[in-house]
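J.: The following file, upload36.cif, comprises mmCIF, C-alpha atoms and all ligand atoms:
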```
data_query
loop_
_atom_site.label_atom_id
_atom_site.label_comp_id
_atom_site.auth_asym_id
_atom_site.auth_seq_id
_atom_site.Cartn_x
_atom_site.Cartn_y
_atom_site.Cartn_z
CA MET A 1 0.00 0.00 0.00
CA ALA A 2 1.28 3.46 -0.83
CA SER A 3 2.55 5.43 2.15
CA VAL A 4 -0.02 8.17 1.59
CA ASP A 5 -2.68 5.56 2.35
CA ASP A 6 -0.78 4.35 5.44
CA ASP A 7 -0.53 7.95 6.66
CA LEU A 8 -4.26 8.38 6.29
CA LEU A 9 -4.98 5.16 8.20
CA ASP A 10 -2.59 6.33 10.96
CA ALA A 11 -4.33 9.72 11.07
CA PHE A 12 -7.65 7.91 11.44
CA ASP A 13 -6.32 5.88 14.39
CA GLU A 14 -4.99 9.01 16.07
CA ARG A 15 -8.20 10.98 15.70
CA THR A 16 -10.72 8.29 16.55
CA GLY A 17 -8.77 5.84 18.75
CA ARG A 18 -9.73 2.90 16.55
CA ALA A 19 -8.98 1.41 13.15
CA ALA A 20 -10.66 2.37 9.88
CA VAL A 21 -12.60 -0.39 8.12
CA GLY A 22 -11.52 0.75 4.66
CA LEU A 23 -10.24 3.44 2.33
CA TRP A 24 -12.14 5.12 -0.50
CA ALA A 25 -11.23 7.81 -3.01
CA ALA A 26 -12.70 10.02 -5.72
CA PRO A 27 -10.75 12.12 -8.23
CA GLY A 28 -10.75 15.70 -9.36
CA ARG A 29 -11.14 16.18 -13.08
CA VAL A 30 -9.89 18.24 -15.94
CA ASN A 31 -12.28 19.14 -18.71
CA LEU A 32 -10.62 18.48 -22.04
CA ILE A 33 -13.24 20.44 -23.94
CA GLY A 34 -16.85 21.62 -23.56
CA GLU A 35 -17.03 24.67 -21.29
CA HIS A 36 -20.35 26.12 -20.05
CA THR A 37 -22.14 23.55 -22.18
CA ASP A 38 -23.35 21.32 -19.34
CA TYR A 39 -26.16 23.58 -18.13
CA ASN A 40 -27.18 24.15 -21.76
CA ASP A 41 -28.02 20.44 -22.09
CA GLY A 42 -24.89 20.03 -24.23
CA PHE A 43 -21.72 17.96 -24.39
CA VAL A 44 -18.60 17.82 -22.23
CA MET A 45 -15.45 15.71 -22.26
CA PRO A 46 -13.69 15.52 -18.89
CA PHE A 47 -11.23 12.96 -17.65
CA ALA A 48 -10.42 12.00 -14.07
CA LEU A 49 -7.09 13.03 -12.53
CA GLU A 50 -4.74 10.95 -10.44
CA GLN A 51 -5.22 13.65 -7.80
CA ARG A 52 -8.05 12.66 -5.51
CA VAL A 53 -9.77 12.96 -2.14
CA ARG A 54 -9.04 9.88 -0.03
CA ILE A 55 -11.14 8.89 2.96
CA ALA A 56 -10.49 6.45 5.79
CA ALA A 57 -13.75 5.58 7.52
CA ALA A 58 -15.54 3.43 10.06
CA PRO A 59 -19.15 3.35 11.28
CA ARG A 60 -20.26 4.95 14.56
CA ASP A 61 -23.17 3.76 16.65
CA ASP A 62 -24.39 7.13 17.98
CA GLY A 63 -26.00 8.34 14.74
CA ARG A 64 -23.52 11.22 14.30
CA TRP A 65 -21.02 11.94 11.53
CA GLN A 66 -17.56 13.23 12.39
CA VAL A 67 -15.48 14.46 9.47
CA SER A 68 -11.82 15.49 9.63
CA SER A 69 -10.00 17.19 6.76
CA LEU A 70 -6.25 16.89 7.12
CA ASN A 71 -5.94 19.68 4.53
CA GLN A 72 -8.09 22.06 6.55
CA GLY A 73 -6.71 20.81 9.86
CA SER A 74 -10.25 20.71 11.18
CA THR A 75 -12.68 18.17 12.60
CA GLU A 76 -16.42 18.82 12.34
CA SER A 77 -19.32 16.86 13.75
CA PHE A 78 -22.99 16.90 12.82
CA GLY A 79 -26.14 14.92 13.54
CA ALA A 80 -29.46 14.42 11.75
CA ASP A 81 -30.85 17.70 13.17
CA ASP A 82 -28.00 19.68 11.62
CA LEU A 83 -28.70 18.51 8.07
CA ARG A 84 -30.17 21.74 6.74
CA PRO A 85 -29.37 23.23 3.31
CA GLY A 86 -27.26 26.35 3.58
CA MET A 87 -24.90 24.95 6.25
CA SER A 88 -21.65 26.91 6.07
CA GLY A 89 -18.07 25.67 6.06
CA TRP A 90 -16.31 22.93 4.14
CA GLN A 91 -18.21 20.25 6.07
CA ALA A 92 -21.33 21.21 4.08
CA TYR A 93 -19.89 19.14 1.20
CA ALA A 94 -19.96 16.06 3.47
CA ALA A 95 -23.19 16.82 5.35
CA GLY A 96 -24.92 17.60 2.06
CA VAL A 97 -24.12 14.13 0.76
CA VAL A 98 -25.73 12.55 3.85
CA TRP A 99 -28.71 14.87 3.30
CA ALA A 100 -29.03 14.02 -0.42
CA LEU A 101 -28.85 10.29 0.31
CA GLU A 102 -31.52 10.60 3.00
CA GLN A 103 -33.69 12.76 0.70
CA ALA A 104 -33.52 9.90 -1.80
CA GLY A 105 -34.90 7.53 0.84
CA HIS A 106 -31.69 5.88 2.06
CA THR A 107 -30.91 5.42 5.74
CA ILE A 108 -27.36 6.48 6.57
CA ALA A 109 -25.74 5.30 9.79
CA GLY A 110 -23.32 7.54 11.66
CA ALA A 111 -19.63 7.36 10.71
CA ASP A 112 -16.15 8.76 11.30
CA LEU A 113 -14.45 10.01 8.15
CA VAL A 114 -10.86 11.27 7.93
CA LEU A 115 -9.89 12.69 4.56
CA ALA A 116 -6.86 14.01 2.75
CA SER A 117 -6.75 15.45 -0.75
CA ASP A 118 -4.17 16.41 -3.35
CA VAL A 119 -6.71 18.04 -5.67
CA PRO A 120 -5.87 21.76 -5.89
CA VAL A 121 -8.71 23.74 -4.31
CA GLY A 122 -10.47 26.48 -6.25
CA ALA A 123 -8.41 25.90 -9.41
CA GLY A 124 -11.26 24.62 -11.56
CA LEU A 125 -10.24 20.96 -11.11
CA SER A 126 -13.30 20.24 -9.03
CA SER A 127 -11.99 19.55 -5.57
CA SER A 128 -15.59 20.05 -4.41
CA ALA A 129 -16.99 17.24 -6.57
CA ALA A 130 -14.04 15.02 -5.58
CA LEU A 131 -14.94 15.61 -1.93
CA GLU A 132 -18.67 14.97 -2.47
CA CYS A 133 -18.09 11.87 -4.55
CA ALA A 134 -15.54 10.45 -2.11
CA VAL A 135 -17.97 10.92 0.79
CA LEU A 136 -20.79 9.44 -1.27
CA THR A 137 -18.76 6.40 -2.31
CA THR A 138 -17.67 5.82 1.29
CA LEU A 139 -21.17 6.12 2.75
CA ALA A 140 -22.72 3.99 -0.01
CA ASP A 141 -20.32 1.17 0.87
CA LEU A 142 -20.59 1.54 4.65
CA ASN A 143 -24.38 1.35 4.34
CA SER A 144 -24.39 -1.36 1.63
CA LEU A 145 -26.40 0.83 -0.75
CA ASP A 146 -26.98 -0.32 -4.29
CA ILE A 147 -26.91 2.94 -6.29
CA GLY A 148 -25.97 3.10 -9.98
CA LEU A 149 -23.16 5.37 -11.15
CA LEU A 150 -25.35 8.00 -12.78
CA ASP A 151 -27.59 8.21 -9.71
CA ARG A 152 -24.50 8.61 -7.54
CA ALA A 153 -23.36 11.53 -9.67
CA ARG A 154 -26.81 13.12 -9.49
CA LEU A 155 -26.97 12.74 -5.70
CA ALA A 156 -23.57 14.43 -5.36
CA GLN A 157 -24.75 17.20 -7.70
CA ARG A 158 -27.87 17.63 -5.57
CA CYS A 159 -25.62 18.12 -2.55
CA GLU A 160 -23.69 20.87 -4.37
CA ASN A 161 -26.78 22.57 -5.85
CA GLU A 162 -29.28 22.37 -3.03
CA PHE A 163 -27.28 21.92 0.16
CA VAL A 164 -24.09 23.88 -0.53
CA GLY A 165 -25.99 26.24 -2.85
CA ALA A 166 -23.71 26.26 -5.92
CA PRO A 167 -25.74 26.08 -9.17
CA THR A 168 -23.37 23.83 -11.13
CA GLY A 169 -24.17 21.29 -13.88
CA LEU A 170 -23.62 17.53 -13.67
CA MET A 171 -20.21 17.37 -15.36
CA ASP A 172 -17.94 17.43 -12.32
CA GLN A 173 -19.71 14.70 -10.40
CA ALA A 174 -20.26 12.56 -13.52
CA ALA A 175 -16.53 12.78 -14.22
CA SER A 176 -15.47 11.93 -10.68
CA ILE A 177 -17.81 8.93 -10.52
CA MET A 178 -17.89 7.58 -14.08
CA CYS A 179 -14.45 8.17 -15.64
CA THR A 180 -12.13 5.24 -16.29
CA ALA A 181 -8.34 5.08 -16.60
CA ASP A 182 -6.85 6.02 -19.99
CA HIS A 183 -10.17 7.39 -21.22
CA ALA A 184 -12.04 10.65 -21.44
CA LEU A 185 -15.78 10.69 -20.82
CA PHE A 186 -17.87 11.99 -23.71
CA PHE A 187 -20.97 12.95 -21.77
CA ASP A 188 -24.31 14.15 -23.06
CA CYS A 189 -25.73 16.40 -20.35
CA ARG A 190 -29.29 16.00 -21.66
CA SER A 191 -29.63 12.26 -22.17
CA TYR A 192 -26.84 11.40 -19.71
CA ALA A 193 -25.41 9.04 -22.33
CA ALA A 194 -21.79 8.40 -21.35
CA ASP A 195 -19.17 7.11 -23.78
CA GLN A 196 -15.67 6.19 -22.70
CA VAL A 197 -13.32 7.43 -25.44
CA ALA A 198 -9.74 6.16 -25.43
CA LEU A 199 -7.17 8.86 -24.61
CA ASP A 200 -3.77 7.20 -24.94
CA LEU A 201 -1.64 10.34 -24.78
CA SER A 202 1.72 8.65 -24.32
CA GLY A 203 0.97 6.19 -27.13
CA ALA A 204 0.57 9.21 -29.40
CA GLY A 205 3.84 10.79 -28.19
CA LEU A 206 1.96 13.44 -26.26
CA GLU A 207 1.30 14.70 -22.77
CA LEU A 208 -1.22 17.09 -21.30
CA LEU A 209 0.12 19.94 -19.21
CA VAL A 210 -2.21 21.40 -16.58
CA LEU A 211 -1.05 24.80 -15.36
CA ASP A 212 -2.75 26.59 -12.48
CA THR A 213 -2.49 30.34 -13.04
CA LYS A 214 -3.26 30.87 -9.33
CA THR A 215 -5.46 33.80 -10.32
CA PRO A 216 -8.03 34.55 -7.63
CA HIS A 217 -11.56 33.85 -8.94
CA ALA A 218 -12.97 37.13 -7.63
CA LEU A 219 -15.96 37.35 -9.96
CA VAL A 220 -16.63 33.71 -10.61
CA ASP A 221 -19.96 33.28 -8.81
CA SER A 222 -21.67 36.40 -10.15
CA GLU A 223 -20.29 36.00 -13.66
CA TYR A 224 -21.25 32.31 -13.77
CA ALA A 225 -24.80 33.24 -12.80
CA ALA A 226 -24.83 36.01 -15.42
CA ARG A 227 -23.73 33.59 -18.18
CA ARG A 228 -26.41 31.10 -17.19
CA ALA A 229 -29.04 33.84 -17.15
CA SER A 230 -27.94 35.05 -20.57
CA CYS A 231 -28.25 31.53 -22.03
CA GLU A 232 -31.72 31.14 -20.48
CA ALA A 233 -32.81 34.54 -21.82
CA ALA A 234 -31.66 33.54 -25.32
CA CYS A 235 -33.71 30.33 -25.07
CA ASP A 236 -36.78 32.39 -24.14
CA VAL A 237 -36.35 34.61 -27.20
CA LEU A 238 -35.79 31.60 -29.44
CA GLY A 239 -38.57 29.51 -27.88
CA LEU A 240 -36.20 26.62 -27.15
CA ALA A 241 -35.83 24.35 -24.14
CA ALA A 242 -32.03 24.70 -24.27
CA LEU A 243 -29.31 26.15 -26.52
CA ARG A 244 -28.53 22.53 -27.35
CA ASP A 245 -31.60 22.63 -29.60
CA ILE A 246 -30.17 25.18 -32.07
CA ASP A 247 -29.64 23.45 -35.43
CA ASP A 248 -29.01 26.49 -37.58
CA LEU A 249 -26.69 28.91 -35.79
CA ASP A 250 -26.93 31.73 -38.35
CA ALA A 251 -30.72 31.63 -38.32
CA ALA A 252 -30.75 31.71 -34.51
CA LEU A 253 -28.29 34.62 -34.41
CA GLY A 254 -30.50 36.48 -36.92
CA ARG A 255 -33.38 36.30 -34.45
CA LEU A 256 -31.41 37.78 -31.55
CA ALA A 257 -31.02 41.54 -31.30
CA ASP A 258 -28.62 41.84 -28.38
CA PRO A 259 -24.96 41.55 -29.53
CA VAL A 260 -23.82 40.17 -26.17
CA MET A 261 -26.49 37.47 -26.25
CA LYS A 262 -25.46 36.57 -29.80
CA ARG A 263 -21.87 36.02 -28.68
CA ARG A 264 -22.94 33.88 -25.73
CA VAL A 265 -25.09 31.71 -27.98
CA ARG A 266 -22.35 31.38 -30.58
CA HIS A 267 -19.93 30.10 -27.95
CA VAL A 268 -22.30 27.43 -26.68
CA VAL A 269 -23.28 26.19 -30.15
CA THR A 270 -19.73 26.13 -31.55
CA GLU A 271 -18.37 24.60 -28.34
CA ASN A 272 -20.87 21.75 -28.55
CA ASP A 273 -19.67 21.15 -32.13
CA ARG A 274 -16.07 21.09 -30.96
CA VAL A 275 -16.83 18.50 -28.29
CA ARG A 276 -18.48 16.27 -30.87
CA GLN A 277 -15.53 16.72 -33.22
CA ALA A 278 -13.13 15.91 -30.39
CA ALA A 279 -15.06 12.72 -29.59
CA GLU A 280 -14.91 11.65 -33.24
CA ALA A 281 -11.20 12.39 -33.43
CA LEU A 282 -10.45 10.34 -30.31
CA ALA A 283 -12.66 7.48 -31.49
CA ASP A 284 -10.52 7.43 -34.69
CA GLY A 285 -7.28 7.60 -32.70
CA ARG A 286 -6.49 11.08 -34.08
CA ILE A 287 -5.40 12.63 -30.78
CA ARG A 288 -3.43 15.45 -32.44
CA ALA A 289 -6.67 16.67 -34.02
CA LEU A 290 -7.57 17.89 -30.51
CA ALA A 291 -5.03 20.69 -30.80
CA PRO A 292 -6.90 23.09 -33.14
CA LEU A 293 -10.12 22.36 -31.23
CA LEU A 294 -8.44 23.44 -27.98
CA ASP A 295 -7.23 26.65 -29.62
CA ALA A 296 -10.66 27.41 -31.08
CA SER A 297 -12.33 26.69 -27.74
CA HIS A 298 -10.04 29.18 -26.04
CA ALA A 299 -10.72 31.89 -28.62
CA SER A 300 -14.45 31.31 -28.21
CA MET A 301 -14.24 31.56 -24.39
CA ARG A 302 -12.13 34.71 -24.68
CA ASP A 303 -14.03 36.57 -27.41
CA ASP A 304 -17.61 35.24 -27.33
CA PHE A 305 -18.29 33.95 -23.83
CA GLU A 306 -15.84 36.45 -22.26
CA ILE A 307 -14.84 34.25 -19.32
CA THR A 308 -11.06 34.45 -19.56
CA VAL A 309 -8.83 36.95 -17.74
CA PRO A 310 -5.43 38.38 -18.78
CA PRO A 311 -3.21 35.88 -16.88
CA VAL A 312 -5.17 32.97 -18.39
CA ASP A 313 -4.87 34.42 -21.90
CA LEU A 314 -1.16 35.03 -21.36
CA ALA A 315 -0.68 31.43 -20.18
CA VAL A 316 -2.40 30.07 -23.29
CA GLU A 317 -0.45 32.38 -25.63
CA SER A 318 2.84 31.52 -23.92
CA ALA A 319 2.09 27.81 -24.11
CA ARG A 320 1.51 28.12 -27.85
CA ALA A 321 4.66 30.22 -28.28
CA GLY A 322 6.56 27.65 -26.23
CA GLY A 323 5.67 24.84 -28.61
CA ALA A 324 2.33 23.51 -27.36
CA LEU A 325 0.25 22.03 -30.18
CA GLY A 326 -2.93 23.52 -28.74
CA ALA A 327 -4.05 25.11 -25.47
CA ARG A 328 -7.12 26.43 -23.70
CA MET A 329 -8.45 27.54 -20.36
CA THR A 330 -10.28 24.72 -18.59
CA GLY A 331 -13.00 25.15 -15.97
CA GLY A 332 -15.63 27.80 -15.39
CA GLY A 333 -13.34 30.75 -16.02
CA PHE A 334 -12.13 34.02 -14.44
CA GLY A 335 -8.89 32.32 -13.41
CA GLY A 336 -8.01 28.74 -12.68
CA CYS A 337 -6.12 26.37 -14.96
CA ILE A 338 -5.13 26.05 -18.57
CA ILE A 339 -4.39 22.81 -20.38
CA ALA A 340 -1.86 22.44 -23.18
CA LEU A 341 -1.27 19.48 -25.47
CA VAL A 342 2.50 19.04 -25.83
CA GLY A 343 4.99 16.43 -27.04
CA THR A 344 6.20 13.80 -24.56
CA GLY A 345 8.73 15.31 -22.17
CA GLU A 346 7.94 18.90 -23.16
CA ALA A 347 5.48 19.87 -20.40
CA SER A 348 8.10 21.22 -17.98
CA GLY A 349 9.78 23.33 -20.64
CA VAL A 350 6.48 24.83 -21.74
CA ALA A 351 5.53 25.48 -18.11
CA GLU A 352 8.88 27.23 -17.57
CA GLN A 353 8.23 29.52 -20.51
CA ILE A 354 4.80 30.39 -19.13
CA GLY A 355 6.40 31.03 -15.73
CA ALA A 356 8.91 33.39 -17.35
CA ALA A 357 6.13 35.26 -19.16
CA PHE A 358 4.23 35.53 -15.85
CA ALA A 359 7.30 36.97 -14.12
CA ARG A 360 7.72 39.56 -16.89
CA ALA A 361 4.05 40.53 -16.55
CA GLY A 362 4.36 40.85 -12.77
CA TYR A 363 2.12 37.85 -12.04
CA GLY A 364 2.92 35.35 -9.30
CA PRO A 365 4.43 31.96 -10.19
CA PRO A 366 2.01 29.40 -11.66
CA GLU A 367 2.04 25.72 -10.68
CA HIS A 368 1.82 22.79 -13.04
CA PHE A 369 1.59 19.02 -13.39
CA VAL A 370 1.21 16.48 -16.18
CA ALA A 371 -2.31 15.02 -16.14
CA ARG A 372 -2.89 11.30 -16.54
CA PRO A 373 -6.41 10.06 -17.36
CA SER A 374 -7.23 7.97 -14.28
CA ALA A 375 -9.96 5.87 -12.71
CA GLY A 376 -13.13 7.29 -11.17
CA ALA A 377 -14.32 6.94 -7.59
CA GLY A 378 -14.03 3.65 -5.76
CA ARG A 379 -12.81 1.67 -2.81
CA ILE A 380 -9.01 1.48 -2.50
CA SER A 381 -8.76 -1.09 0.28
P1 LIG B 401 -13.12 23.68 -7.02
O1 LIG B 401 -14.19 22.65 -7.00
O2 LIG B 401 -12.92 24.28 -8.39
O3 LIG B 401 -11.82 23.22 -6.46
P2 LIG B 401 -14.96 25.01 -5.27
O4 LIG B 401 -15.02 26.41 -4.76
O5 LIG B 401 -16.12 24.49 -6.02
O6 LIG B 401 -13.60 24.89 -6.10
O7 LIG B 401 -14.75 24.03 -4.05
C1 LIG B 401 -13.72 24.28 -3.12
C2 LIG B 401 -14.27 24.03 -1.71
O8 LIG B 401 -14.44 22.60 -1.51
C3 LIG B 401 -13.31 24.45 -0.62
O9 LIG B 401 -13.47 25.83 -0.33
C4 LIG B 401 -13.74 23.56 0.54
O10 LIG B 401 -14.92 24.08 1.14
C5 LIG B 401 -14.11 22.28 -0.18
N1 LIG B 401 -12.96 21.36 -0.20
C6 LIG B 401 -12.28 20.91 -1.29
N2 LIG B 401 -11.27 20.07 -0.91
C7 LIG B 401 -11.31 20.00 0.44
C8 LIG B 401 -10.54 19.30 1.44
N3 LIG B 401 -9.51 18.52 1.10
N4 LIG B 401 -10.91 19.47 2.72
C9 LIG B 401 -11.95 20.24 3.06
N5 LIG B 401 -12.69 20.92 2.20
C10 LIG B 401 -12.39 20.82 0.90
MG MG B 402 -16.24 22.99 -7.46
#
```
Before we go any further, please render this structure as C-alpha cells.
Ligand code: ADP
Ligand code: MG
T.:
Amino acid sequence: MASVDDDLLDAFDERTGRAAVGLWAAPGRVNLIGEHTDYNDGFVMPFALEQRVRIAAAPRDDGRWQVSSLNQGSTESFGADDLRPGMSGWQAYAAGVVWALEQAGHTIAGADLVLASDVPVGAGLSSSAALECAVLTTLADLNSLDIGLLDRARLAQRCENEFVGAPTGLMDQAASIMCTADHALFFDCRSYAADQVALDLSGAGLELLVLDTKTPHALVDSEYAARRASCEAACDVLGLAALRDIDDLDAALGRLADPVMKRRVRHVVTENDRVRQAAEALADGRIRALAPLLDASHASMRDDFEITVPPVDLAVESARAGGALGARMTGGGFGGCIIALVGTGEASGVAEQIGAAFARAGYGPPEHFVARPSAGAGRIS
C-alpha cells in the first residue's frame, strides 16, 4: 500500500482511537473540452485526474457523523438535526451528501471520516466534486447501498446545488464517478449518455500539461450566474428548451437583437460542435486533431463567452509560443487552470516559458503538473 494511504490510516487511528474499516477515493477532473455547455443540455469531455480525495472511515453507533480534513486541519461533527441546506463551512460538502442520500430515501448510519486530498482547491479541477463523490462512495459502501453510477453523480450534484448552494451542472460529479483510466468521458448532459473514449496520450507521443495560473476567482460566482441567465434569456427569445436545440446557428443569431447574447449563444453552439468533433477524433485515434479544437475553444471563451482573464490568456499564448500544439483555459473561467497538449517530455519546458512570461508581466508563479487520465471513484482497500 502506498505510504499516503498508510498515513491516512494512521491519522484515522490518532483521531478516533480505533482502526478504519476501509479506504475510498474520488478524483478531481480536468475538462478536455466543452465549457459552459453542461447547463445548456450540451456535451462535455472531462477525464479523471490521479489527484483525488481519499477517505479512511468506520461506522459509529451514535448516529452522528464526524469528518476530519487533514488539509483544513479541522474536525467537524454533525447529527441528523444539523442537516439543513445552507450549512456553512467545508463540512457542508460532506453533510450535504448525507442529506441528499436521505432525501432519496436511504438510511445512513453515523460514521467517522478522515480525509486528505491532493486536488488543488479552487483551481477549476473540481476539488468540491471530488470531496462529495468520495464521501458518497464511502457512505454507499458503509451502508451497503446499491446505487448506480449516474444516480451517484446526481446525488452528489444535488448536494452541491441544493445543500451547498452552488448552481453547477452535472459534469464534475459525472466525471469523478464515471471516468475510467486512460479514457475521457464523452458525456451528453441531456440524455446522460456516457461514452468512454480512449485517450492514450503517451501512445501518441503526447502529454497534457495542466497549469494553475493561481489567479483569484474574484468574480466567478456572479459571472457564472450572469452567463447562465444570458443563455436562459436567449432560449426564451428563441422559444427553445435549451441552446442545445439550435440546429441552424446563423438563423438563430439572426433572431437575436442583443450583440452580447449573440456572442454567448455562438460560444455554446460552436463549443458543442467542438466537443463532438473531439469525440470523433479520439474514437478514430487522431489525438493530435484535438489541438486546433483546444485553440478554437479558447478563442471562443475569450471573445464570445468572455470568461477568460489576462493571466489565463497570457498562459495560453505563452504555451503556444513555447511549442504547445494547442491550449485552452479549462473550468468555469475568471482564473483557474489552462491545459496544453504538448509532445512527450515537453510539459516542464512549456511550463517554464509560461512562468517566465508571468514573471515579466508581474504575475505570481504558476504551478503545473502532467495530467494522466485515471480511474473514477471507488474503494481502495
Ligand atoms: P473547485 O471545485 O474548483 O476546487 P470550489 O469552490 O467548487 O472549487 O470548491 C472548493 C471548496 O471545496 C473548498 O473551499 C472547501 O470548502 C471544499 N474542499 C475541497 N477540498 C477539500 C478538502 N480537502 N478538505 C476540506 N474541504 C475541501
Ligand atoms: Mg467545485
J.: Residues contacting ligand LIG 401 (chain B) - anything with an atom at most 9 Å away, using all atoms listed in the file - can you give me those as a ChimeraX atom specification?
T.: /A:28,52-54,68-74,88-94,115-132,160,166,168,172,331-332,336
J.: Rounded to one decimal place, report the atom CA of Val370 of chain A-atom CA of Leu209 of chain A distance in Å.
T.: 4.7 Å
J.: Distance atom CA of Leu155 of chain A-atom CA of Ile33 of chain A, one decimal place?
T.: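 A separation of 24.1 Å between them.
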J.: Which of these, A:Leu201, A:Ala194, A:Cys235, A:Ile380, has the shortest distance to Arg286 of chain A once you count only C-alpha atoms?
T.: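 Looking at the shortest contact to Arg286 of chain A, the residue is A:Leu201.
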J.: Kindly list the centre and edge lengths in Å, rounded to one decimal, for the axis-aligned box that covers all listed atoms of segment 40-57 of chain A plus 3 Å on each of its six sides, as lines of an AutoDock Vina configuration file.
T.:
```
center_x = -16.4
center_y = 14.9
center_z = -8.4
size_x = 29.3
size_y = 24.6
size_z = 37.9
```
J.: Expressed in Å to a single decimal, how great is the separation between atom CA of Pro59 of chain A and atom CA of Gly96 of chain A?
T.: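 We find that atom CA of Pro59 of chain A and atom CA of Gly96 of chain A lie 17.9 Å from each other.
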J.: Name all residues at most 12 Å from Cys159 of chain A (count all atoms listed in the file; drop same-chain ones fewer than 5 positions away) and give them as a PyMOL selection string.
T.: chain A and resi 83-87+91-104+128-129+131-133+135-136+152-154+164-170+173
